[in-house]
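Participant: Contents of work13.txt (compact mmCIF, C-alpha atoms) are below:
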```
# COMPACT_ATOMS: atom_id res chain seq x y z
CA MET D 1 98.25 109.43 117.35
CA GLU D 2 100.45 106.97 115.46
CA SER D 3 97.92 106.67 112.60
CA VAL D 4 97.59 110.48 112.42
CA ARG D 5 101.38 110.86 112.36
CA SER D 6 101.64 108.26 109.61
CA SER D 7 98.93 109.97 107.54
CA LEU D 8 100.66 113.34 107.87
CA GLN D 9 103.93 111.78 106.77
CA TYR D 10 102.29 110.34 103.67
CA LEU D 11 100.59 113.65 102.91
CA LEU D 12 103.89 115.53 103.14
CA SER D 13 105.49 113.02 100.79
CA ASP D 14 103.33 114.47 98.01
CA PHE D 15 105.18 117.76 98.40
CA ILE D 16 108.72 116.55 99.13
CA GLY D 17 108.65 113.77 96.54
CA GLU D 18 109.23 110.86 98.92
CA ALA D 19 109.05 107.48 97.21
CA GLU D 20 106.39 105.02 98.33
CA GLY D 21 108.44 101.87 97.85
CA GLU D 22 109.06 99.33 95.14
CA PRO D 23 106.42 96.97 93.73
CA PRO D 24 106.33 93.58 95.48
CA PHE D 25 107.71 90.49 93.79
CA LEU D 26 105.45 87.91 92.20
CA PRO D 27 104.63 85.06 94.62
CA GLU D 28 107.15 82.24 94.56
CA GLY D 29 105.77 79.21 92.79
CA LEU D 30 103.27 81.24 90.73
CA PRO D 31 102.54 79.42 87.43
CA ASP D 32 103.87 81.27 84.38
CA ALA D 33 100.40 81.37 82.85
CA ALA D 34 99.03 83.26 85.86
CA ALA D 35 101.90 85.74 86.08
CA PRO D 36 100.42 88.35 83.66
CA ALA D 37 97.18 88.63 85.68
CA VAL D 38 99.01 88.99 89.00
CA SER D 39 101.52 91.44 87.53
CA GLU D 40 98.68 93.55 86.14
CA GLY D 41 97.02 93.52 89.58
CA ILE D 42 100.22 94.65 91.28
CA HIS D 43 100.65 97.60 88.92
CA LEU D 44 96.99 98.58 89.28
CA LEU D 45 97.18 98.60 93.08
CA MET D 46 100.53 100.41 93.14
CA ASP D 47 98.80 103.20 91.24
CA TYR D 48 95.66 102.92 93.35
CA GLN D 49 97.20 102.96 96.82
CA GLY D 50 100.90 102.14 96.92
CA ALA D 51 103.44 99.41 97.63
CA SER D 52 102.06 98.15 100.93
CA TYR D 53 98.61 97.73 99.41
CA ALA D 54 100.05 95.86 96.45
CA GLN D 55 101.90 93.63 98.91
CA LEU D 56 98.61 92.85 100.67
CA TYR D 57 97.27 91.76 97.28
CA VAL D 58 100.26 89.45 96.73
CA ASP D 59 99.89 87.99 100.23
CA ARG D 60 96.25 87.17 99.50
CA ILE D 61 97.16 85.50 96.20
CA LYS D 62 99.79 83.37 97.97
CA ARG D 63 97.03 81.49 99.78
CA PHE D 64 96.13 79.74 96.52
CA VAL D 65 99.59 79.31 94.99
CA ARG D 66 100.84 75.71 95.05
CA ARG D 67 97.39 74.31 95.83
CA SER D 68 96.97 71.16 93.75
CA ASP D 69 93.29 71.97 93.17
CA VAL D 70 93.97 75.46 91.78
CA ASP D 71 95.35 75.59 88.25
CA ALA D 72 96.85 78.59 86.50
CA ALA D 73 93.56 79.60 84.89
CA MET D 74 91.70 79.63 88.20
CA LEU D 75 94.54 81.48 89.89
CA GLY D 76 94.40 84.09 87.14
CA GLU D 77 90.67 84.53 87.67
CA ILE D 78 91.14 84.99 91.42
CA ALA D 79 93.94 87.50 90.79
CA HIS D 80 91.89 89.46 88.26
CA HIS D 81 88.75 89.72 90.38
CA LEU D 82 90.67 90.44 93.59
CA ALA D 83 92.58 93.32 92.01
CA ALA D 84 89.36 94.79 90.61
CA ARG D 85 87.66 94.65 94.01
CA MET D 86 90.69 96.01 95.90
CA ALA D 87 90.72 98.93 93.45
CA TYR D 88 87.13 99.72 94.35
CA GLU D 89 85.60 102.80 92.79
CA ASP D 90 85.23 105.63 95.31
CA LEU D 91 85.37 109.39 94.75
CA ILE D 92 89.12 109.25 95.43
CA ARG D 93 89.68 106.81 92.58
CA ILE D 94 87.48 108.73 90.15
CA ALA D 95 89.47 111.88 90.94
CA GLN D 96 92.72 109.97 90.39
CA LEU D 97 91.58 108.74 87.00
CA ARG D 98 90.49 112.20 85.88
CA LEU D 99 93.85 113.65 86.90
CA MET D 100 95.61 111.03 84.81
CA SER D 101 94.24 112.77 81.74
CA LEU D 102 96.60 115.64 82.57
CA ASP D 103 99.69 113.44 82.71
CA THR D 104 100.31 113.99 79.01
CA GLY D 105 101.32 117.58 79.78
CA ARG D 106 98.09 119.04 78.52
CA ARG D 107 96.89 122.11 80.39
CA PRO D 108 93.51 122.27 82.14
CA GLY D 109 90.64 123.38 79.97
CA GLY D 110 89.50 122.39 76.52
CA ARG D 111 86.45 120.42 75.51
CA ASP D 112 86.66 117.60 78.01
CA THR D 113 83.30 116.27 79.10
CA ASP D 114 82.79 116.45 82.84
CA ASP D 115 82.25 113.18 84.67
CA ILE D 116 79.20 113.75 86.89
CA ARG D 117 78.37 111.12 89.52
CA ARG D 118 75.75 110.82 92.23
CA PHE D 119 76.92 109.49 95.57
CA ARG D 120 74.98 108.52 98.64
CA LEU D 121 75.88 110.77 101.55
CA ASP D 122 76.95 107.81 103.69
CA GLU D 123 79.14 106.68 100.80
CA MET D 124 80.94 110.02 100.67
CA LEU D 125 81.48 109.94 104.42
CA GLY D 126 82.83 106.44 104.00
CA ALA D 127 85.91 107.87 102.27
CA LEU D 128 86.86 109.71 105.48
CA PRO D 129 88.74 108.31 108.48
CA GLN D 130 86.50 106.35 110.85
CA ALA D 131 86.56 108.90 113.69
CA VAL D 132 85.71 111.83 111.41
CA ALA D 133 83.01 109.90 109.55
CA ASP D 134 81.37 108.72 112.78
CA SER D 135 81.09 112.23 114.20
CA MET D 136 79.62 113.63 110.98
CA SER D 137 77.28 110.66 110.48
CA THR D 138 75.63 111.29 113.84
CA GLY D 139 74.59 114.78 112.82
CA PHE D 140 73.34 113.79 109.39
CA GLU D 141 71.43 110.85 110.82
CA GLN D 142 69.60 113.13 113.24
CA ILE D 143 68.25 115.22 110.37
CA GLY D 144 67.36 112.15 108.30
CA TRP D 145 69.89 112.60 105.53
CA LEU D 146 72.07 109.53 106.08
CA GLY D 147 71.32 106.81 103.54
CA ARG D 148 68.78 109.00 101.72
CA ARG D 149 70.59 112.10 100.56
CA ARG D 150 72.26 111.95 97.15
CA ILE D 151 75.10 114.34 96.33
CA LYS D 152 76.03 115.25 92.76
CA VAL D 153 79.80 115.51 92.31
CA ARG D 154 81.41 116.96 89.19
CA PHE D 155 84.82 115.57 88.27
CA SER D 156 86.18 118.20 85.89
CA VAL D 157 89.54 119.30 84.46
CA ARG D 158 88.12 122.33 82.66
CA SER D 159 89.84 124.90 84.88
CA ARG D 160 92.73 125.23 87.31
CA PHE D 161 90.26 125.51 90.18
CA ALA D 162 88.56 122.29 89.12
CA VAL D 163 91.93 120.52 88.94
CA ARG D 164 92.84 121.75 92.44
CA ARG D 165 89.58 120.32 93.73
CA LEU D 166 90.36 116.98 92.08
CA ARG D 167 93.79 117.00 93.70
CA LEU D 168 92.20 117.54 97.10
CA MET D 169 89.87 114.58 96.51
CA ALA D 170 92.71 112.39 95.27
CA GLY D 171 94.77 113.45 98.29
CA LEU D 172 92.32 111.60 100.53
CA ARG D 173 94.12 108.49 99.31
CA ARG D 174 96.51 109.00 102.24
CA TRP D 175 93.66 108.29 104.65
CA ARG D 176 91.91 105.61 102.60
CA LEU D 177 93.23 102.71 104.68
CA GLN D 178 91.76 104.31 107.81
CA SER D 179 88.39 104.93 106.16
CA VAL D 180 85.00 103.37 106.84
CA ARG D 181 84.74 102.07 103.28
CA TYR D 182 88.13 100.38 103.40
CA ALA D 183 87.19 98.48 106.56
CA GLU D 184 84.06 97.23 104.81
CA GLU D 185 85.95 96.29 101.64
CA ARG D 186 88.66 94.48 103.58
CA ALA D 187 86.07 92.42 105.45
CA TRP D 188 84.33 91.58 102.15
CA ALA D 189 87.58 90.53 100.41
CA GLU D 190 88.58 88.28 103.28
CA ARG D 191 85.18 86.61 103.32
CA TRP D 192 85.19 86.11 99.54
CA LEU D 193 88.62 84.47 99.71
CA HIS D 194 87.48 82.31 102.61
CA MET D 195 84.43 81.15 100.63
CA ILE D 196 86.65 80.23 97.67
CA ALA D 197 88.85 78.14 99.96
CA ARG D 198 85.81 76.44 101.48
CA ALA D 199 84.39 75.70 98.03
CA LEU D 200 87.68 74.07 97.03
CA ASP D 201 87.58 71.94 100.17
CA LYS D 202 83.86 71.07 100.23
CA GLN D 203 82.54 71.30 96.65
CA PRO D 204 85.34 71.96 94.14
CA ALA D 205 82.98 72.12 91.15
CA ALA D 206 81.39 75.23 92.68
CA ALA D 207 84.67 77.14 93.15
CA PRO D 208 84.54 78.94 89.76
CA ALA D 209 80.99 80.12 90.50
CA VAL D 210 82.03 81.43 93.93
CA ILE D 211 85.03 83.21 92.40
CA ASP D 212 82.82 84.87 89.78
CA THR D 213 80.44 86.28 92.42
CA ALA D 214 82.95 89.11 92.82
CA THR D 215 81.50 90.64 89.65
CA MET D 216 78.20 91.21 91.45
CA ILE D 217 79.71 94.19 93.30
CA GLN D 218 80.68 97.13 91.12
CA GLY D 219 80.57 100.90 90.88
CA GLN D 220 79.18 103.15 93.56
CA GLY D 221 75.89 104.44 94.94
CA ASP D 222 72.69 102.42 95.10
CA ALA D 223 73.87 99.88 92.49
CA TYR D 224 76.92 99.06 94.62
CA ARG D 225 74.83 98.66 97.78
CA GLN D 226 72.32 96.46 95.95
CA GLY D 227 75.05 94.22 94.55
CA LEU D 228 76.66 93.89 97.96
CA ALA D 229 73.34 92.98 99.61
CA ASP D 230 72.60 90.41 96.88
CA TRP D 231 76.05 88.87 97.31
CA HIS D 232 75.60 88.43 101.05
CA ALA D 233 72.12 86.98 100.53
CA ILE D 234 73.46 84.30 98.18
CA ILE D 235 76.48 83.48 100.30
CA ASP D 236 74.51 83.38 103.58
CA GLY D 237 71.51 81.56 102.10
CA LEU D 238 73.21 79.03 99.82
CA ALA D 239 77.01 78.78 99.92
CA LYS D 240 77.80 78.97 103.62
CA PRO D 241 75.11 76.50 104.79
CA THR D 242 76.19 74.10 102.04
CA PHE D 243 79.80 74.27 103.19
CA ASP D 244 78.66 73.93 106.83
CA GLY D 245 76.86 70.70 105.91
CA VAL D 246 73.40 71.87 106.93
CA LEU D 247 72.06 72.37 103.38
CA PRO D 248 72.56 69.41 101.02
CA ILE D 249 72.81 71.22 97.68
CA SER D 250 74.53 68.80 95.31
CA ASP D 251 75.12 71.38 92.54
CA LEU D 252 75.95 74.64 94.29
CA ALA D 253 77.26 76.23 91.08
CA ALA D 254 73.84 75.83 89.42
CA ALA D 255 72.09 77.17 92.53
CA ILE D 256 74.30 80.28 92.57
CA ALA D 257 73.71 80.82 88.84
CA GLU D 258 69.94 80.54 89.32
CA ALA D 259 69.94 83.04 92.19
CA ARG D 260 72.19 85.48 90.34
CA ALA D 261 69.97 85.42 87.25
CA VAL D 262 66.94 86.37 89.35
CA ALA D 263 68.85 89.13 91.17
CA LEU D 264 69.91 90.60 87.82
CA ALA D 265 66.44 90.39 86.28
CA GLU D 266 64.49 91.67 89.29
CA PRO D 267 66.44 94.09 91.52
CA GLY D 268 65.20 94.74 95.02
CA GLN D 269 65.88 91.39 96.75
CA GLY D 270 62.24 90.33 97.01
CA ALA D 271 62.48 87.90 94.10
CA LEU D 272 66.00 86.88 95.11
CA LYS D 273 64.94 85.91 98.63
CA ARG D 274 62.01 83.90 97.27
CA THR D 275 64.31 82.09 94.86
CA ILE D 276 66.82 81.28 97.60
CA ALA D 277 63.97 79.93 99.74
CA GLN D 278 62.79 77.75 96.83
CA ILE D 279 66.30 76.38 96.21
CA ARG D 280 66.67 75.58 99.89
CA ALA D 281 63.27 73.86 99.97
CA ARG D 282 64.20 71.68 96.99
CA ALA D 283 67.46 70.66 98.63
CA LEU D 284 66.08 69.83 102.07
CA PRO D 285 64.34 66.48 102.57
CA ALA D 286 60.56 66.58 102.87
CA PRO D 287 59.31 66.30 106.47
CA SER D 288 58.02 62.91 107.55
CA SER D 289 54.22 62.59 107.31
CA ASN D 290 53.56 59.45 109.35
CA ALA D 291 49.91 59.36 110.26
CA ALA D 292 49.01 58.89 113.90
CA GLU D 293 47.56 55.47 114.69
```
The structure given in the file should be rewritten as structure tokens.
Facilitator:
Amino acid sequence: MESVRSSLQYLLSDFIGEAEGEPPFLPEGLPDAAAPAVSEGIHLLMDYQGASYAQLYVDRIKRFVRRSDVDAAMLGEIAHHLAARMAYEDLIRIAQLRLMSLDTGRRPGGRDTDDIRRFRLDEMLGALPQAVADSMSTGFEQIGWLGRRRIKVRFSVRSRFAVRRLRLMAGLRRWRLQSVRYAEERAWAERWLHMIARALDKQPAAAPAVIDTATMIQGQGDAYRQGLADWHAIIDGLAKPTFDGVLPISDLAAAIAEARAVALAEPGQGALKRTIAQIRARALPAPSSNAAE
């Protein structure tokens, strides 16, 4: 009930003009050279979700501030990629961006080109609160639509009706932090940050490569799901076992680059899994072949 009450309060704030809070301060001790990237991230996430979400971003960045093994350039890279992933592209965000084209005072209509996207059905449900999405998913799964059905969505500002529809989509922002997709994105962000910290502790030379893996996950639909699956395959097959000490890869950065190149060239994970297996086989010592006397 508390989450429902909070969501209703946020929804009503759209109509009564209630402020959502001030942007958070930059982390104390942040190097001057990294400040522009973090500041840009704060402003992006204020627009995307609000002050509390921007504060979560700052709190995540704080984990790497003042670390002797993280310079300003690396901190800026972490800040840039984290902001991009926290502002993940869902139908709510696309609607927000289309509505921004009206902020100049221009009336709906004109020659604007419609932005037409195709979403997976489970992806669209993922923008809804968990309880609502779960109940709807059950029905769609029974008829075989979940994960297969693709829905074409038109993001248009050509008419007042189209703008109203965009405002309804953008209004789902108030429930975004209770959505299925947000829970998945939060888990991913925390794991990515954890892997960066482990790289810094276990194999510092690989930290930039681990940071850059965030770029594997972009957009929406099948491409997003493929990128996410590839990311987990590389982290689970190469990075994590190396950090755990069970896979002796001396140059993890090169191994990640090799796997990523294959994933990009041959989508579908078949080639990627074979490449990961080959990298692991090269790293592991050959089994003893003592002949029986």
Participant: Given the choices D:His81, D:Arg158, D:Arg117, D:Arg165, which gets closest to Ser101 in chain D if the distance is worked out from only C-alpha atoms?
Facilitator: D:Arg158
Participant: Which is closer to Val210 in chain D than all the others in D:Ala255, D:Leu247, D:Met136, D:Ala87, using only C-alpha atoms?
Facilitator: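 Closest candidate: D:Ala255.
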Participant: Could you name the residues that touch Asp32 in chain D at 12 Å or less, counting only C-alpha atoms, but leaving out those on the same chain fewer than 3 positions away, as a PyMOL selection string?
Facilitator: chain D and resi 26-29+35-39+65+71-73+75-76
Participant: Taking (71.7, 94.3, 95.1) in the file's coordinates, which residues come within 12 Å, counting only C-alpha atoms, written as a PyMOL selection string?
Facilitator: chain D and resi 215-234+259-273
Participant: Restricting the calculation to all atoms listed in the file: of D:Pro31, D:Val180, D:Ile276, D:Leu45, which residue gets closest to Asp134 in chain D?
Facilitator: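 Among the listed residues, D:Val180 lies closest to Asp134 in chain D.
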Participant: Can you measure CA of Pro24 in chain D to CA of Val58 in chain D for me? One decimal in Å is fine.
Facilitator: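 These two atoms are separated by 7.4 Å.
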Participant: I'd like to know which of D:Leu91, D:Ile78, D:Met46, D:Ile61 is closest to Arg167 in chain D, using all atoms listed in the file.
Facilitator: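 Closest to Arg167 in chain D, using all atoms listed in the file: D:Leu91.
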Participant: What separation in Å, quoted to one decimal, exists between CA of Val70 in chain D and CA of Leu200 in chain D?
Facilitator: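 Spanning CA of Val70 in chain D to CA of Leu200 in chain D is a straight-line distance of 8.3 Å.
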Participant: Report, in Å with one decimal, the straight-line distance from CA of Asp122 in chain D to CA of Tyr53 in chain D.
Facilitator: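 Going from CA of Asp122 in chain D over to CA of Tyr53 in chain D covers 24.3 Å.
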Participant: Give the centre and edge lengths of an axis-aligned box, in Å to one decimal, that holds all listed atoms of range 222-236 of chain D with 6 Å on each side, as AutoDock Vina command-line options.
Facilitator:
```
--center_x 74.5 --center_y 92.9 --center_z 98.0 --size_x 16.8 --size_y 31.0 --size_z 23.1
```
